[in-house]
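In what follows, a single structure is set out as structure tokens and then discussed.
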Amino acid sequence: MTIVLRNIRHGLQKLTSCIAWPCRGKDSGKGWRAYAGEPVPDRADFTTTPWSSNQRLFVTYRVVCAVFTLAILIWSVPTDSNRWITFYSNWVYSTLTLHFCWSAVVCLQDYRKPTGHDGPSERTLYIGWVIYDMAMATSLTVSAEYWFSPWPVTIGLRSILRHGLNSVMVVVDVLLCGFPSRLNRVVYPVLHQAAYCVFVVFYWLGGFRGYDGKQYIYSFADLNTVPLQTVIIMSGNTFLVMPVFHAVVCALYRARLKLLKKFRNINTYEPPKGMPIQTLETEIVNDKIKEINVTQV
């Protein structure tokens with residue numbers, strides 16, 4: 001018994017170290033903590049968009065998304081009665097809503113910060129980054145599994161908003177915002193999914209009932225009649241499907257970087273060495289000034 005308890009303790013210590021690993025770091029000297037093994041991100045990545053210097057539109061976008069997702073979330077609560085918390089799609093949409101609300105508050109704080117202030121704290125920004133990693137991958141996963149599942153699904157306005165439009169918002173947000181996406185942060189969406197799997201097991205052990213009075217949340221995850229199928233589905237979804245969609249989010253992030261590079265190359269004039277960088281607009285203005293000088297001569 002002592003050996004078993006010792007092994008459990010060592011396993012929990014390893015799990016805790018894996019979870020806490022990204023949170024350990026030292027001061028980078030740039031106003032941001034250098035988290036272990038991760039390049040130091042810029043504070044502006046979490047509060048601004050890299051596509052424009054005018055951040056007013058981006059802050060408006062953040063607020064609109066926060067209000068919209070929060071309204072959809074509140075609307076869905078009474079429709080799912082007292083079993084709202086049991087459905088994974090509600091867990092995921094709650095995480096997505098939290099991401100948009102958290103980001104809206106952070107962007108507003110940074111946009112309206114007094115001169116000389118740094119804005120949101122490092123801890124606040126990093127928590128928002130963790131929520132972002134969870135929300136993006138899980139939202140894409142839920143949408144794909146809902147529409148391509150072999151089991152029957154309900155098609156309606158609520159389903160389209162929470163299982164279709166949510167993924168559209170995710171793709172737009174990944175391409176528009178400045179959040180970095182990295183493969184080594186797959187631990188966060190995996191933990192999100194694993195937490196729900198633990199909830200399903202405790203729901204079954206507690207003898208709670210679903211809509212049809214049976215002891216399961218989803219018919220394909222019935223631990224009484226199809227326990228092997230349930231374990232395979234939950235394990236595969238947690239450790240295979242979720243990392244795949246996190247990789248999709250990382251691919252969208254890389255696509256954003258390439259599009260940004262092309263966008264900046266198109267709108268930037270490359271001067272000879274030793275000359276200041278000019279935009280196409282300033283080049284056109286200088287050419288017009290030269291033409292006016294020539295005509296005057």
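Following the order of the structure tokens, first chain is A, next is B, and so on, with residues numbered from 1 inside each chain and ligands from 1 in the order they appear.
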Checklist entry - Out of segment 94-265 of chain A, which residues get alpha helix (DSSP H) from DSSP, as a ChimeraX atom specification? => result /A:94-111,122-147,157-163,165-176,187-205,227-236,242-265
Report as CSV the residues of segment 60-108 of chain A within 10 Å of segment 41-47 of chain A, each with its shortest atom pair and distance in Å (one decimal), using only C-alpha atoms, ordered by chain and increasing residue number.
residue,atom,partner,partner_atom,distance
A:Arg62,CA,A:Thr47,CA,9.9
A:Ser103,CA,A:Thr47,CA,7.4
A:Ala104,CA,A:Thr47,CA,8.6
A:Val105,CA,A:Thr47,CA,9.5
A:Val106,CA,A:Thr47,CA,6.4
A:Cys107,CA,A:Thr47,CA,4.8
A:Leu108,CA,A:Thr47,CA,8.4
Those same residues - C-alpha atoms - I'd like them written as a CSV table (one decimal), in the first residue's frame.
chain,number,residue,atom,x,y,z
A,62,ARG,CA,-13.3,43.2,-29.1
A,103,SER,CA,-9.7,40.3,-24.1
A,104,ALA,CA,-12.2,43.2,-24.3
A,105,VAL,CA,-11.4,44.3,-20.8
A,106,VAL,CA,-7.7,44.1,-21.4
A,107,CYS,CA,-7.8,46.0,-24.6
A,108,LEU,CA,-10.0,48.7,-23.0
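Minimum atom-to-atom distance to Val170 of chain A, evaluated using only C-alpha atoms, belongs to A:Tyr132 out of A:Phe199, A:Tyr132, A:Phe239, A:Trp75.
Using only C-alpha atoms, the protein and nucleic acid residues lying no more than 10 Å from Trp102 of chain A, apart from those fewer than 6 places from it along its own chain, are A:Arg62, A:Val63, A:Ala66, A:Leu96, A:Thr124, A:Leu125, A:Ile127, A:Gly128, A:Trp129, A:Ile131, A:Tyr132.
Between atom CA of Pro150 of chain A and atom CA of Ile74 of chain A the separation is 29.0 Å.
Reported to one decimal place, the separation of atom CA of Ala137 of chain A from atom CA of Phe245 of chain A is 5.3 Å.
Among A:Ile266, A:His163, A:Met169, A:Phe87, the residue with the shortest atom-to-atom distance to Ala221 of chain A, counting only C-alpha atoms, is A:Phe87.
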Checklist outcome for this item: In terms of only C-alpha atoms, the residue from A:Ala194, A:Ile155, A:Leu257, A:Leu228 at minimal distance from Phe179 of chain A is A:Leu257
